[in-house]
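As stored in upload30.cif (mmCIF, N, CA, C and O atoms):
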data_final
#
loop_
_atom_site.label_atom_id
_atom_site.label_comp_id
_atom_site.auth_asym_id
_atom_site.auth_seq_id
_atom_site.Cartn_x
_atom_site.Cartn_y
_atom_site.Cartn_z
N MET X 80 0.85 -1.17 0.00
CA MET X 80 0.00 0.00 0.00
C MET X 80 0.90 1.23 0.00
O MET X 80 1.77 1.36 0.84
N THR X 81 0.68 2.13 -0.96
CA THR X 81 1.39 3.40 -0.96
C THR X 81 0.38 4.53 -1.06
O THR X 81 -0.45 4.55 -1.97
N VAL X 82 0.44 5.42 -0.11
CA VAL X 82 -0.34 6.65 -0.18
C VAL X 82 0.66 7.80 -0.12
O VAL X 82 1.81 7.62 0.30
N TYR X 83 0.22 8.95 -0.56
CA TYR X 83 1.10 10.11 -0.68
C TYR X 83 0.48 11.30 0.03
O TYR X 83 -0.74 11.42 0.12
N ILE X 84 1.35 12.21 0.48
CA ILE X 84 0.87 13.43 1.14
C ILE X 84 1.77 14.60 0.72
O ILE X 84 2.98 14.45 0.61
N ASP X 85 1.13 15.73 0.43
CA ASP X 85 1.91 16.92 0.10
C ASP X 85 2.10 17.76 1.36
O ASP X 85 1.46 17.51 2.38
N PRO X 86 3.01 18.73 1.31
CA PRO X 86 3.26 19.57 2.50
C PRO X 86 2.03 20.37 2.89
O PRO X 86 1.20 20.71 2.04
N PRO X 87 1.89 20.69 4.16
CA PRO X 87 0.74 21.48 4.61
C PRO X 87 0.91 22.96 4.25
O PRO X 87 1.30 23.79 5.07
N THR X 88 0.63 23.27 2.99
CA THR X 88 0.79 24.64 2.50
C THR X 88 -0.53 25.26 2.02
O THR X 88 -0.52 26.35 1.46
N TRP X 89 -1.63 24.57 2.25
CA TRP X 89 -2.93 25.05 1.77
C TRP X 89 -3.71 25.66 2.92
O TRP X 89 -4.10 24.95 3.85
N PRO X 90 -3.96 26.98 2.90
CA PRO X 90 -4.68 27.62 4.00
C PRO X 90 -6.18 27.38 3.93
O PRO X 90 -6.76 27.24 2.85
N GLY X 91 -6.79 27.32 5.11
CA GLY X 91 -8.24 27.22 5.19
C GLY X 91 -8.68 27.05 6.63
O GLY X 91 -8.06 26.32 7.40
N HIS X 92 -9.72 27.76 7.00
CA HIS X 92 -10.31 27.64 8.34
C HIS X 92 -9.29 27.90 9.44
O HIS X 92 -9.28 27.23 10.47
N GLY X 93 -8.39 28.85 9.20
CA GLY X 93 -7.43 29.26 10.22
C GLY X 93 -6.27 28.32 10.45
O GLY X 93 -5.57 28.43 11.45
N ARG X 94 -6.04 27.38 9.52
CA ARG X 94 -4.89 26.48 9.64
C ARG X 94 -4.38 26.10 8.26
O ARG X 94 -4.97 26.48 7.26
N MET X 95 -3.32 25.32 8.24
CA MET X 95 -2.74 24.86 6.98
C MET X 95 -3.07 23.38 6.79
O MET X 95 -3.15 22.63 7.77
N TRP X 96 -3.20 22.98 5.50
CA TRP X 96 -3.66 21.64 5.18
C TRP X 96 -2.77 20.96 4.15
O TRP X 96 -2.18 21.60 3.31
N SER X 97 -2.76 19.63 4.22
CA SER X 97 -2.12 18.76 3.24
C SER X 97 -3.20 17.97 2.53
O SER X 97 -4.34 17.90 2.99
N HIS X 98 -2.80 17.33 1.43
CA HIS X 98 -3.70 16.44 0.70
C HIS X 98 -3.13 15.03 0.76
O HIS X 98 -1.97 14.81 0.41
N LEU X 99 -3.94 14.08 1.18
CA LEU X 99 -3.55 12.68 1.27
C LEU X 99 -4.24 11.94 0.13
O LEU X 99 -5.47 12.04 -0.03
N ILE X 100 -3.46 11.22 -0.69
CA ILE X 100 -4.01 10.55 -1.87
C ILE X 100 -3.46 9.13 -2.01
O ILE X 100 -2.46 8.77 -1.40
N SER X 101 -4.12 8.36 -2.87
CA SER X 101 -3.62 7.06 -3.31
C SER X 101 -3.50 7.12 -4.82
O SER X 101 -4.28 7.80 -5.49
N ASP X 102 -2.54 6.37 -5.37
CA ASP X 102 -2.46 6.26 -6.83
C ASP X 102 -2.94 4.89 -7.29
O ASP X 102 -2.71 4.49 -8.41
N VAL X 103 -3.62 4.17 -6.38
CA VAL X 103 -4.13 2.83 -6.70
C VAL X 103 -5.65 2.80 -6.68
O VAL X 103 -6.28 2.40 -7.65
N SER X 104 -6.25 3.20 -5.54
CA SER X 104 -7.71 3.13 -5.43
C SER X 104 -8.20 3.98 -4.27
O SER X 104 -7.45 4.27 -3.33
N PHE X 105 -9.47 4.31 -4.32
CA PHE X 105 -10.07 5.03 -3.21
C PHE X 105 -10.21 4.11 -2.01
O PHE X 105 -10.13 4.55 -0.87
N ALA X 106 -10.40 2.80 -2.24
CA ALA X 106 -10.50 1.85 -1.13
C ALA X 106 -9.21 1.87 -0.31
O ALA X 106 -9.24 1.89 0.93
N GLU X 107 -8.05 1.87 -1.00
CA GLU X 107 -6.77 1.95 -0.32
C GLU X 107 -6.65 3.26 0.47
O GLU X 107 -6.22 3.27 1.63
N LEU X 108 -7.05 4.34 -0.14
CA LEU X 108 -6.98 5.65 0.50
C LEU X 108 -7.86 5.69 1.74
O LEU X 108 -7.43 6.14 2.81
N HIS X 109 -9.10 5.22 1.62
CA HIS X 109 -10.02 5.24 2.77
C HIS X 109 -9.49 4.39 3.92
O HIS X 109 -9.57 4.79 5.08
N ALA X 110 -8.92 3.22 3.59
CA ALA X 110 -8.38 2.34 4.64
C ALA X 110 -7.23 3.01 5.38
O ALA X 110 -7.16 2.97 6.61
N PHE X 111 -6.33 3.65 4.64
CA PHE X 111 -5.20 4.32 5.27
C PHE X 111 -5.69 5.49 6.11
O PHE X 111 -5.26 5.66 7.26
N ALA X 112 -6.57 6.30 5.55
CA ALA X 112 -7.08 7.46 6.27
C ALA X 112 -7.75 7.03 7.57
O ALA X 112 -7.54 7.65 8.63
N GLN X 113 -8.53 5.98 7.52
CA GLN X 113 -9.19 5.48 8.72
C GLN X 113 -8.16 5.02 9.75
O GLN X 113 -8.30 5.27 10.94
N SER X 114 -7.09 4.38 9.26
CA SER X 114 -6.06 3.86 10.18
C SER X 114 -5.33 4.96 10.94
O SER X 114 -4.79 4.70 12.02
N ILE X 115 -5.31 6.17 10.40
CA ILE X 115 -4.64 7.28 11.10
C ILE X 115 -5.63 8.25 11.73
O ILE X 115 -5.26 9.31 12.21
N GLY X 116 -6.91 7.87 11.72
CA GLY X 116 -7.92 8.66 12.40
C GLY X 116 -8.50 9.82 11.64
O GLY X 116 -9.11 10.71 12.24
N CYS X 117 -8.37 9.83 10.32
CA CYS X 117 -9.00 10.90 9.53
C CYS X 117 -10.50 10.64 9.48
O CYS X 117 -10.93 9.54 9.14
N PRO X 118 -11.31 11.64 9.78
CA PRO X 118 -12.76 11.44 9.69
C PRO X 118 -13.20 11.35 8.23
O PRO X 118 -12.57 11.95 7.34
N ALA X 119 -14.25 10.61 7.98
CA ALA X 119 -14.78 10.47 6.63
C ALA X 119 -15.12 11.82 6.02
O ALA X 119 -15.02 12.01 4.80
N THR X 120 -15.48 12.77 6.84
CA THR X 120 -15.84 14.11 6.35
C THR X 120 -14.64 14.87 5.78
O THR X 120 -14.82 15.89 5.12
N ALA X 121 -13.43 14.38 6.02
CA ALA X 121 -12.22 15.03 5.49
C ALA X 121 -11.96 14.64 4.04
O ALA X 121 -11.08 15.20 3.40
N PHE X 122 -12.74 13.68 3.50
CA PHE X 122 -12.58 13.26 2.11
C PHE X 122 -13.27 14.24 1.19
O PHE X 122 -14.43 14.60 1.40
N GLU X 123 -12.53 14.70 0.19
CA GLU X 123 -13.11 15.64 -0.78
C GLU X 123 -12.74 15.23 -2.21
O GLU X 123 -11.59 15.41 -2.64
N ARG X 124 -13.69 14.65 -2.90
CA ARG X 124 -13.60 14.23 -4.30
C ARG X 124 -12.55 13.15 -4.55
O ARG X 124 -12.88 12.08 -5.02
N ASP X 125 -11.26 13.43 -4.31
CA ASP X 125 -10.21 12.47 -4.65
C ASP X 125 -9.06 12.46 -3.63
O ASP X 125 -8.03 11.86 -3.87
N HIS X 126 -9.26 13.15 -2.50
CA HIS X 126 -8.21 13.23 -1.49
C HIS X 126 -8.81 13.49 -0.12
O HIS X 126 -9.98 13.85 0.00
N TYR X 127 -7.99 13.30 0.88
CA TYR X 127 -8.35 13.70 2.25
C TYR X 127 -7.60 14.97 2.57
O TYR X 127 -6.42 15.10 2.25
N ASP X 128 -8.27 15.91 3.21
CA ASP X 128 -7.63 17.10 3.74
C ASP X 128 -7.10 16.74 5.13
O ASP X 128 -7.86 16.26 5.98
N VAL X 129 -5.81 16.95 5.33
CA VAL X 129 -5.16 16.60 6.58
C VAL X 129 -4.58 17.88 7.19
O VAL X 129 -3.76 18.55 6.55
N PRO X 130 -4.99 18.23 8.42
CA PRO X 130 -4.45 19.45 9.03
C PRO X 130 -2.96 19.29 9.34
O PRO X 130 -2.47 18.18 9.58
N SER X 131 -2.26 20.40 9.35
CA SER X 131 -0.81 20.38 9.52
C SER X 131 -0.36 19.64 10.78
O SER X 131 0.67 18.97 10.77
N HIS X 132 -1.12 19.71 11.85
CA HIS X 132 -0.71 19.04 13.08
C HIS X 132 -0.81 17.52 12.98
O HIS X 132 -0.29 16.81 13.83
N ARG X 133 -1.44 17.00 11.92
CA ARG X 133 -1.55 15.55 11.70
C ARG X 133 -0.63 15.06 10.58
O ARG X 133 -0.57 13.87 10.29
N TYR X 134 0.10 15.97 9.95
CA TYR X 134 1.00 15.62 8.85
C TYR X 134 2.02 14.57 9.29
O TYR X 134 2.22 13.55 8.62
N GLY X 135 2.66 14.79 10.41
CA GLY X 135 3.66 13.86 10.93
C GLY X 135 3.09 12.48 11.20
O GLY X 135 3.76 11.46 10.99
N ASP X 136 1.85 12.42 11.67
CA ASP X 136 1.18 11.13 11.91
C ASP X 136 1.05 10.35 10.62
O ASP X 136 1.27 9.14 10.58
N ALA X 137 0.66 11.04 9.55
CA ALA X 137 0.49 10.37 8.25
C ALA X 137 1.83 9.85 7.73
O ALA X 137 1.91 8.72 7.24
N VAL X 138 2.87 10.65 7.85
CA VAL X 138 4.19 10.24 7.38
C VAL X 138 4.71 9.07 8.23
O VAL X 138 5.23 8.09 7.70
N ALA X 139 4.53 9.15 9.53
CA ALA X 139 4.97 8.07 10.42
C ALA X 139 4.25 6.76 10.12
O ALA X 139 4.82 5.68 10.28
N ALA X 140 3.01 6.85 9.64
CA ALA X 140 2.23 5.66 9.31
C ALA X 140 2.57 5.12 7.92
O ALA X 140 2.04 4.08 7.52
N GLY X 141 3.40 5.85 7.16
CA GLY X 141 3.85 5.34 5.87
C GLY X 141 3.51 6.17 4.65
O GLY X 141 3.85 5.79 3.53
N ALA X 142 2.84 7.31 4.81
CA ALA X 142 2.55 8.16 3.66
C ALA X 142 3.86 8.71 3.10
O ALA X 142 4.74 9.15 3.86
N VAL X 143 3.99 8.68 1.80
CA VAL X 143 5.20 9.17 1.13
C VAL X 143 5.04 10.67 0.86
O VAL X 143 4.03 11.10 0.31
N GLN X 144 6.05 11.43 1.25
CA GLN X 144 6.01 12.87 1.07
C GLN X 144 6.33 13.24 -0.38
O GLN X 144 7.36 12.82 -0.91
N VAL X 145 5.43 13.99 -1.00
CA VAL X 145 5.62 14.45 -2.38
C VAL X 145 5.18 15.91 -2.47
O VAL X 145 4.53 16.43 -1.57
N SER X 146 5.50 16.55 -3.58
CA SER X 146 5.07 17.93 -3.78
C SER X 146 3.59 17.96 -4.18
O SER X 146 3.02 16.95 -4.60
N SER X 147 3.01 19.14 -4.08
CA SER X 147 1.61 19.31 -4.50
C SER X 147 1.44 19.01 -5.98
O SER X 147 0.45 18.42 -6.40
N ARG X 148 2.42 19.38 -6.77
CA ARG X 148 2.38 19.10 -8.20
C ARG X 148 2.38 17.59 -8.45
O ARG X 148 1.67 17.10 -9.32
N GLU X 149 3.19 16.87 -7.67
CA GLU X 149 3.23 15.41 -7.81
C GLU X 149 1.90 14.77 -7.44
O GLU X 149 1.50 13.78 -8.05
N VAL X 150 1.20 15.33 -6.45
CA VAL X 150 -0.11 14.81 -6.07
C VAL X 150 -1.05 14.82 -7.28
O VAL X 150 -1.70 13.83 -7.59
N VAL X 151 -1.10 15.93 -7.97
CA VAL X 151 -1.98 16.05 -9.14
C VAL X 151 -1.56 15.05 -10.22
O VAL X 151 -2.41 14.36 -10.80
N GLY X 152 -0.28 14.95 -10.49
CA GLY X 152 0.21 14.02 -11.51
C GLY X 152 -0.09 12.57 -11.16
O GLY X 152 -0.52 11.79 -12.02
N LEU X 153 0.12 12.19 -9.91
CA LEU X 153 -0.17 10.82 -9.48
C LEU X 153 -1.65 10.49 -9.64
O LEU X 153 -2.01 9.43 -10.14
N LEU X 154 -2.51 11.41 -9.22
CA LEU X 154 -3.95 11.18 -9.35
C LEU X 154 -4.37 11.09 -10.81
O LEU X 154 -5.17 10.22 -11.19
N THR X 155 -3.84 11.97 -11.63
CA THR X 155 -4.19 12.00 -13.05
C THR X 155 -3.75 10.71 -13.75
O THR X 155 -4.55 10.08 -14.46
N ARG X 156 -2.51 10.31 -13.54
CA ARG X 156 -2.00 9.08 -14.18
C ARG X 156 -2.76 7.84 -13.72
O ARG X 156 -2.93 6.89 -14.48
N ALA X 157 -3.24 7.84 -12.48
CA ALA X 157 -3.98 6.70 -11.95
C ALA X 157 -5.44 6.71 -12.39
O ALA X 157 -6.17 5.74 -12.16
N GLY X 158 -5.89 7.81 -13.02
CA GLY X 158 -7.29 7.92 -13.42
C GLY X 158 -8.22 8.21 -12.25
O GLY X 158 -9.42 8.00 -12.35
N LEU X 159 -7.67 8.71 -11.15
CA LEU X 159 -8.46 8.99 -9.96
C LEU X 159 -8.72 10.47 -9.72
O LEU X 159 -9.38 10.83 -8.76
N ARG X 160 -8.24 11.33 -10.59
CA ARG X 160 -8.42 12.78 -10.42
C ARG X 160 -9.86 13.14 -10.64
O ARG X 160 -10.47 12.76 -11.65
N ARG X 161 -10.43 13.89 -9.70
CA ARG X 161 -11.80 14.38 -9.79
C ARG X 161 -11.79 15.89 -9.57
O ARG X 161 -12.02 16.34 -8.43
N PRO X 162 -11.56 16.67 -10.61
CA PRO X 162 -11.51 18.13 -10.44
C PRO X 162 -12.85 18.71 -9.98
O PRO X 162 -13.90 18.12 -10.21
N LYS X 163 -12.79 19.87 -9.36
CA LYS X 163 -14.01 20.57 -8.95
C LYS X 163 -14.90 20.79 -10.16
O LYS X 163 -14.41 21.08 -11.24
N GLY X 164 -16.18 20.66 -9.94
CA GLY X 164 -17.13 20.93 -11.01
C GLY X 164 -17.40 19.76 -11.93
O GLY X 164 -18.31 19.80 -12.73
N ARG X 165 -16.62 18.70 -11.79
CA ARG X 165 -16.83 17.52 -12.64
C ARG X 165 -17.78 16.57 -11.93
O ARG X 165 -17.61 16.27 -10.76
N ALA X 166 -18.78 16.08 -12.65
CA ALA X 166 -19.71 15.14 -12.07
C ALA X 166 -19.00 13.83 -11.75
O ALA X 166 -18.15 13.37 -12.50
N ILE X 167 -19.36 13.25 -10.60
CA ILE X 167 -18.73 12.01 -10.19
C ILE X 167 -19.58 10.83 -10.59
O ILE X 167 -20.74 10.80 -10.54
#
What's the structure tokens form of this structure?
Amino acid sequence: MTVYIDPPTWPGHGRMWSHLISDVSFAELHAFAQSIGCPATAFERDHYDVPSHRYGDAVAAGAVQVSSREVVGLLTRAGLRRPKGRAI
């Protein structure tokens, strides 16, 4: 199982956020997110939003650190990218 996380550089709701993704399946992503305590409500289209204070937990559990640009590329190549405004 490989999941990826970008640095917490995305502002929102008074904190910084990372994106947690899988390049294999949403089932893999959901299982990993659940294992580190991410609530289901943190899932948005094709990733989990992870607050900066939980970034280290995700990495310690095995998430591979990548750039934000790499997150988009990994999702796109895997066919899992779901841009805003696109029907699911």
Kindly extract all protein, DNA and RNA residues lying within 7 Å of the coordinates (-6.0, 16.4, -1.9) given in the file, considering all atoms listed in the file, and supply them as a PyMOL selection string. chain X and resi 97-100+123+125-128
Output check: residues returned by the PyMOL selection byres ((chain X and resi 134-141) around 7), as a PDB file with N, CA, C and O atoms, keeping the file's coordinate frame:
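expr.pdb, written as the output of this step:
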ATOM      1  N   MET X  80       0.850  -1.170   0.000  1.00  0.00           N
ATOM      2  CA  MET X  80       0.000   0.000   0.000  1.00  0.00           C
ATOM      3  C   MET X  80       0.900   1.230   0.000  1.00  0.00           C
ATOM      4  O   MET X  80       1.770   1.360   0.840  1.00  0.00           O
ATOM      5  N   THR X  81       0.680   2.130  -0.960  1.00  0.00           N
ATOM      6  CA  THR X  81       1.390   3.400  -0.960  1.00  0.00           C
ATOM      7  C   THR X  81       0.380   4.530  -1.060  1.00  0.00           C
ATOM      8  O   THR X  81      -0.450   4.550  -1.970  1.00  0.00           O
ATOM      9  N   VAL X  82       0.440   5.420  -0.110  1.00  0.00           N
ATOM     10  CA  VAL X  82      -0.340   6.650  -0.180  1.00  0.00           C
ATOM     11  C   VAL X  82       0.660   7.800  -0.120  1.00  0.00           C
ATOM     12  O   VAL X  82       1.810   7.620   0.300  1.00  0.00           O
ATOM     13  N   TYR X  83       0.220   8.950  -0.560  1.00  0.00           N
ATOM     14  CA  TYR X  83       1.100  10.110  -0.680  1.00  0.00           C
ATOM     15  C   TYR X  83       0.480  11.300   0.030  1.00  0.00           C
ATOM     16  O   TYR X  83      -0.740  11.420   0.120  1.00  0.00           O
ATOM     17  N   ASP X  85       1.130  15.730   0.430  1.00  0.00           N
ATOM     18  CA  ASP X  85       1.910  16.920   0.100  1.00  0.00           C
ATOM     19  C   ASP X  85       2.100  17.760   1.360  1.00  0.00           C
ATOM     20  O   ASP X  85       1.460  17.510   2.380  1.00  0.00           O
ATOM     21  N   PRO X  87       1.890  20.690   4.160  1.00  0.00           N
ATOM     22  CA  PRO X  87       0.740  21.480   4.610  1.00  0.00           C
ATOM     23  C   PRO X  87       0.910  22.960   4.250  1.00  0.00           C
ATOM     24  O   PRO X  87       1.300  23.790   5.070  1.00  0.00           O
ATOM     25  N   ILE X 115      -5.310   6.170  10.400  1.00  0.00           N
ATOM     26  CA  ILE X 115      -4.640   7.280  11.100  1.00  0.00           C
ATOM     27  C   ILE X 115      -5.630   8.250  11.730  1.00  0.00           C
ATOM     28  O   ILE X 115      -5.260   9.310  12.210  1.00  0.00           O
ATOM     29  N   VAL X 129      -5.810  16.950   5.330  1.00  0.00           N
ATOM     30  CA  VAL X 129      -5.160  16.600   6.580  1.00  0.00           C
ATOM     31  C   VAL X 129      -4.580  17.880   7.190  1.00  0.00           C
ATOM     32  O   VAL X 129      -3.760  18.550   6.550  1.00  0.00           O
ATOM     33  N   PRO X 130      -4.990  18.230   8.420  1.00  0.00           N
ATOM     34  CA  PRO X 130      -4.450  19.450   9.030  1.00  0.00           C
ATOM     35  C   PRO X 130      -2.960  19.290   9.340  1.00  0.00           C
ATOM     36  O   PRO X 130      -2.470  18.180   9.580  1.00  0.00           O
ATOM     37  N   SER X 131      -2.260  20.400   9.350  1.00  0.00           N
ATOM     38  CA  SER X 131      -0.810  20.380   9.520  1.00  0.00           C
ATOM     39  C   SER X 131      -0.360  19.640  10.780  1.00  0.00           C
ATOM     40  O   SER X 131       0.670  18.970  10.770  1.00  0.00           O
ATOM     41  N   HIS X 132      -1.120  19.710  11.850  1.00  0.00           N
ATOM     42  CA  HIS X 132      -0.710  19.040  13.080  1.00  0.00           C
ATOM     43  C   HIS X 132      -0.810  17.520  12.980  1.00  0.00           C
ATOM     44  O   HIS X 132      -0.290  16.810  13.830  1.00  0.00           O
ATOM     45  N   ARG X 133      -1.440  17.000  11.920  1.00  0.00           N
ATOM     46  CA  ARG X 133      -1.550  15.550  11.700  1.00  0.00           C
ATOM     47  C   ARG X 133      -0.630  15.060  10.580  1.00  0.00           C
ATOM     48  O   ARG X 133      -0.570  13.870  10.290  1.00  0.00           O
ATOM     49  N   ALA X 142       2.840   7.310   4.810  1.00  0.00           N
ATOM     50  CA  ALA X 142       2.550   8.160   3.660  1.00  0.00           C
ATOM     51  C   ALA X 142       3.860   8.710   3.100  1.00  0.00           C
ATOM     52  O   ALA X 142       4.740   9.150   3.860  1.00  0.00           O
ATOM     53  N   VAL X 143       3.990   8.680   1.800  1.00  0.00           N
ATOM     54  CA  VAL X 143       5.200   9.170   1.130  1.00  0.00           C
ATOM     55  C   VAL X 143       5.040  10.670   0.860  1.00  0.00           C
ATOM     56  O   VAL X 143       4.030  11.100   0.310  1.00  0.00           O
ATOM     57  N   GLN X 144       6.050  11.430   1.250  1.00  0.00           N
ATOM     58  CA  GLN X 144       6.010  12.870   1.070  1.00  0.00           C
ATOM     59  C   GLN X 144       6.330  13.240  -0.380  1.00  0.00           C
ATOM     60  O   GLN X 144       7.360  12.820  -0.910  1.00  0.00           O
TER      61      GLN X 144
END
Please enumerate the residues selected by the PyMOL selection byres ((chain X and resi 102) around 5) when evaluated against the supplied file, formatted as a PyMOL selection string. chain X and resi 81+100-101+103-104+153+157
If you run DSSP on the backbone here, which positions in chain X get strand (DSSP E)? Please write them as a count of residues only. 23
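Taking atom CA of X:Thr155 and atom O of X:Gly93 as endpoints, the distance between them is 29.5 Å.
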What box, with edges along x, y and z, holds each listed atom of stretch 93-100 of chain X when 4 Å is added on every side, and can you state its centre and edge lengths in Å to one decimal, as JSON?
{"center_x": -5.2, "center_y": 19.0, "center_z": 4.7, "size_x": 14.4, "size_y": 28.5, "size_z": 21.5}
